[in-house]
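Notes for the one structure printed next.
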Amino acid sequence: MSLDTSSSIVVPQERVYHSIPGASYCLPADEEEALRLARQYLLLKKFFGGDISFAPASLSDGDEVLDSGCGSGLWLVDFAHSFGNKVTFTGIDISSKLFPAGKIPDNIHFEQASVLSLPEHWAARYSLLNQRFLLAALKVEEWRTAIAEMYRVLKPGGWVQLMESSFGIRSDKKCYRIINKLFNSLGLLVENRWERLQEMLKEVGFVDVHVRENVIRLEEWSEEEKEYGRGVYLASFKAVKDGVVRQGGLGEISSPSDFDELFQQTQQDETVGAVGGIDTRTAVIFARKPVN
Ligand SMILES: C[S@@+](CC[C@H](N)C(=O)[O-])C[C@H]1O[C@@H](n2cnc3c(N)ncnc32)[C@H](O)[C@@H]1O
């Protein structure tokens with residue numbers, strides 16, 4: 001069972017996407033996505049006991065922080081609150097569609113750029129680089145390029161921290177399998193995701209590579225919080241719909257309305273996303289650029 005992949009395929013236009021030629025990223029860039037990212041952000045903060053910074057970078061006046069693939073900039077703005085206005089925070093994203101529209105402090109900036117080719121003049125500039133959830137954006141080889149760019153723009157002694165979840169890895173149910181097939185068909189990093197990221201960091205020269213995983217103590221969660229977590233998972237599932245349709249249904253659905261039906265069934269299945277929403281495992285890998 002598969003969709004017609006010829007040019008006659010009708011891709012529903014319910015959602016808004018970035019329109020950057022050549023970019024693999026298949027998730028939307030609209031208000032619904034901004035809301036999903038905000039809920040995901042709060043959930044992740046809870047997963048990690050309120051921590052949003054993991055690398056032991058100590059920042060002083062004049063230092064600069066980069067959030068790459070920042071989306072709506074939630075991490076950057078939240079993190080910036082802990083510092084005075086003499087530390088500068090820059091968020092970059094391939095699309096400016098989700099950048100915050102309201103007034104933000106003068107030491108926080110947003111720029112449109114790709115993690116695959118950061119501006120030349122940023123060499124050895126940043127003390128800390130944060131990147132979260134580019135798993136749906138970068139093909140395996142693009143990860144190597146992005147990590148080499150991270151190394152280039154960090155100061156000697158600077159830290160990188162990458163947060164990625166197991167979204168797209170599981171394949172034991174249709175609703176998981178369809179995302180796994182989508183990510184594989186797009187050439188994204190699926191198998192051994194965290195291990196390969198650690199290897200890539202070491203290959204470009206990073207040292208002190210550490211991993212911190214989230215710990216979910218479900219017994220501490222109220223029913224309302226569990227439902228919230230499930231809601232985040234379901235919103236992420238819904239966000240891949242057009243990607244699946246564009247890939248011809250991946251042998252799992254034969255029309256956009258099939259996906260809607262699968263979504264409804266998934267909503268009824270209380271085991272899906274029950275353990276902590278976006279998936280069960282999220283890890284932060286952090287590493288340091290050597291001083292010499
Ligand atoms: C799932 S969102 C995560 C946003 C944010 N980091 C967060 O944790 O809320 C992934 C973001 O990566 C951006 N992105 C995709 N490909 C990119 C690229 N090549 N360079 C920069 N940003 C990219 C997307 O536009 C999107 O905003």
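Convention: chains lettered A, B, ... in structure tokens order; per-chain residue numbering from 1; ligands numbered from 1 as shown.
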Please identify the residues whose atoms come within 8 Å of ligand 1, using only C-alpha atoms and all ligand atoms, and report them as an MDAnalysis selection string.
chainID A and resid 18 23:25 27 29 37:38 40:41 67:75 92:96 98 112:116 131:138
Got a sec: who's within 10 Å of Pro105 (chain A), counting only C-alpha atoms, leaving out chain neighbours fewer than 6 positions off, as a list in words?
Val77, Ala80, His81, Asn85 and Phe89 of chain A
Hey, which bits of region 128-207 of chain A sit within 9 Å of region 57-64 of chain A, and for each residue what's the closest pair of atoms and how far apart in Å (one decimal), counting only C-alpha atoms, rows by chain and increasing number, as a Markdown table?
```
| residue | atom | partner | partner_atom | distance |
| --- | --- | --- | --- | --- |
| A:Leu128 | CA | A:Ala57 | CA | 6.7 |
| A:Leu129 | CA | A:Glu64 | CA | 8.9 |
| A:Gly157 | CA | A:Ala57 | CA | 8.8 |
| A:Gly158 | CA | A:Ala57 | CA | 7.1 |
| A:Trp159 | CA | A:Ala57 | CA | 6.3 |
```
Considering only alpha helix (DSSP H) as DSSP defines it on the backbone, what residues of region 74-212 of chain A qualify? List them as a count of residues only.
45
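Taking CA of Arg152 (chain A) and CA of His121 (chain A) as endpoints, the distance between them is 10.3 Å.
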Would you mind listing, for every residue of region 159-219 of chain A within 9 Å of region 48-53 of chain A, the two atoms forming the shortest contact and the distance between them in Å to one decimal, using only C-alpha atoms, sorted by chain and ascending residue number, as a tab-separated table?
```
residue	atom	partner	partner_atom	distance
A:Gln161	CA	A:Ser53	CA	8.2
A:Glu213	CA	A:Phe48	CA	8.2
A:Asn214	CA	A:Phe48	CA	5.5
A:Val215	CA	A:Phe48	CA	7.0
A:Ile216	CA	A:Phe48	CA	8.5
```
How would the residues just chosen look if you wrote them out with C-alpha atoms as a compact mmCIF listing (two decimals), in the first residue's frame?
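Writing done, so here's selection25.txt:
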```txt
# COMPACT_ATOMS: atom_id res chain seq x y z
CA GLN A 161 25.75 20.79 24.17
CA GLU A 213 20.10 11.23 30.09
CA ASN A 214 16.72 12.27 31.37
CA VAL A 215 15.28 10.32 34.25
CA ILE A 216 11.52 9.95 34.27
```
If you count only C-alpha atoms, which residues fall within 12 Å of Ala123 (chain A), apart from same-chain ones fewer than 5 positions away, as a compact mmCIF listing (two decimals) with C-alpha atoms, in the first residue's frame?
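Output (out31.txt):
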```
# COMPACT_ATOMS: atom_id res chain seq x y z
CA SER A 117 27.50 27.02 6.96
CA LEU A 118 27.76 29.51 9.78
CA ALA A 148 32.71 20.75 12.23
CA GLU A 149 31.04 24.16 12.01
CA MET A 150 30.31 24.08 15.76
CA TYR A 151 33.98 23.34 16.42
CA ARG A 152 35.04 26.21 14.16
CA VAL A 153 32.85 28.87 15.79
CA LEU A 154 33.65 27.86 19.38
CA LYS A 155 36.49 29.56 21.24
CA PRO A 156 39.28 27.25 22.43
CA GLY A 158 34.33 26.53 24.62
```
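Between CA of Leu66 (chain A) and CA of Phe167 (chain A) the interatomic distance comes to 24.2 Å.
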So that I can check the surroundings of Ile285 (chain A), please list as a list in words every protein, DNA and RNA residue that reaches within 6 Å of it, counting only C-alpha atoms and ignoring chain neighbours fewer than 2 positions away.
Gln161, Leu162, His210 and Val211 of chain A
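Pairwise distance (CA of Leu35 (chain A), CA of Ser165 (chain A)) equals 18.6 Å.
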Applying 10 Å and only C-alpha atoms, which residues near Glu203 (chain A) remain after dropping the ones on its own chain fewer than 3 positions away? List them as an mmCIF file with C-alpha atoms, in the first residue's frame.
```
data_model
loop_
_atom_site.group_PDB
_atom_site.id
_atom_site.type_symbol
_atom_site.label_atom_id
_atom_site.label_comp_id
_atom_site.auth_asym_id
_atom_site.auth_seq_id
_atom_site.Cartn_x
_atom_site.Cartn_y
_atom_site.Cartn_z
ATOM 1 C CA ARG A 144 29.463 15.827 10.386
ATOM 2 C CA ILE A 147 29.634 19.500 14.116
ATOM 3 C CA ALA A 148 32.711 20.746 12.229
ATOM 4 C CA LEU A 197 27.076 11.895 17.689
ATOM 5 C CA GLN A 198 29.697 11.244 20.354
ATOM 6 C CA GLU A 199 31.996 9.676 17.741
ATOM 7 C CA MET A 200 31.521 12.612 15.386
ATOM 8 C CA PHE A 206 36.183 17.727 20.819
ATOM 9 C CA VAL A 207 37.350 16.333 24.168
#
```
Strand (DSSP E) residues, from DSSP on the backbone, in region 44-270 of chain A, as a PyMOL selection string:
chain A and resi 64-68+88-93+108-112+126-132+154-165+207-213
Next, dump the selected residues to file, keeping only C-alpha atoms, as an mmCIF file, in the first residue's frame.
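Saved as again-v6.cif:
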```cif
data_model
loop_
_atom_site.group_PDB
_atom_site.id
_atom_site.type_symbol
_atom_site.label_atom_id
_atom_site.label_comp_id
_atom_site.auth_asym_id
_atom_site.auth_seq_id
_atom_site.Cartn_x
_atom_site.Cartn_y
_atom_site.Cartn_z
ATOM 1 C CA GLU A 64 28.865 34.978 23.599
ATOM 2 C CA VAL A 65 26.406 32.072 23.431
ATOM 3 C CA LEU A 66 24.969 30.545 20.250
ATOM 4 C CA ASP A 67 21.734 28.529 19.989
ATOM 5 C CA SER A 68 21.796 26.793 16.631
ATOM 6 C CA THR A 88 25.504 38.198 24.273
ATOM 7 C CA PHE A 89 23.074 35.529 23.026
ATOM 8 C CA THR A 90 22.510 34.729 19.368
ATOM 9 C CA GLY A 91 19.913 32.335 17.981
ATOM 10 C CA ILE A 92 20.149 31.126 14.405
ATOM 11 C CA ASP A 93 17.675 29.127 12.396
ATOM 12 C CA ILE A 108 19.642 38.697 22.501
ATOM 13 C CA HIS A 109 19.715 38.496 18.702
ATOM 14 C CA PHE A 110 18.201 36.244 16.071
ATOM 15 C CA GLU A 111 19.608 35.644 12.591
ATOM 16 C CA GLN A 112 18.667 33.448 9.696
ATOM 17 C CA TYR A 126 31.404 31.501 21.143
ATOM 18 C CA SER A 127 31.958 30.177 24.672
ATOM 19 C CA LEU A 128 28.882 27.936 24.588
ATOM 20 C CA LEU A 129 26.882 26.486 21.705
ATOM 21 C CA ASN A 130 23.528 24.853 22.360
ATOM 22 C CA GLN A 131 21.609 22.792 19.823
ATOM 23 C CA ARG A 132 18.381 20.908 20.501
ATOM 24 C CA LEU A 154 33.654 27.864 19.378
ATOM 25 C CA LYS A 155 36.487 29.557 21.244
ATOM 26 C CA PRO A 156 39.285 27.253 22.428
ATOM 27 C CA GLY A 157 37.931 25.897 25.738
ATOM 28 C CA GLY A 158 34.334 26.527 24.623
ATOM 29 C CA TRP A 159 31.550 23.967 25.150
ATOM 30 C CA VAL A 160 28.946 22.432 22.874
ATOM 31 C CA GLN A 161 25.751 20.794 24.167
ATOM 32 C CA LEU A 162 23.446 18.739 21.947
ATOM 33 C CA MET A 163 20.053 17.530 23.131
ATOM 34 C CA GLU A 164 18.384 14.810 21.085
ATOM 35 C CA SER A 165 15.573 12.359 21.824
ATOM 36 C CA VAL A 207 37.350 16.333 24.168
ATOM 37 C CA ASP A 208 35.667 15.716 27.546
ATOM 38 C CA VAL A 209 32.633 14.169 25.869
ATOM 39 C CA HIS A 210 29.856 13.497 28.405
ATOM 40 C CA VAL A 211 26.272 12.253 28.192
ATOM 41 C CA ARG A 212 23.396 13.023 30.520
ATOM 42 C CA GLU A 213 20.099 11.227 30.085
#
```
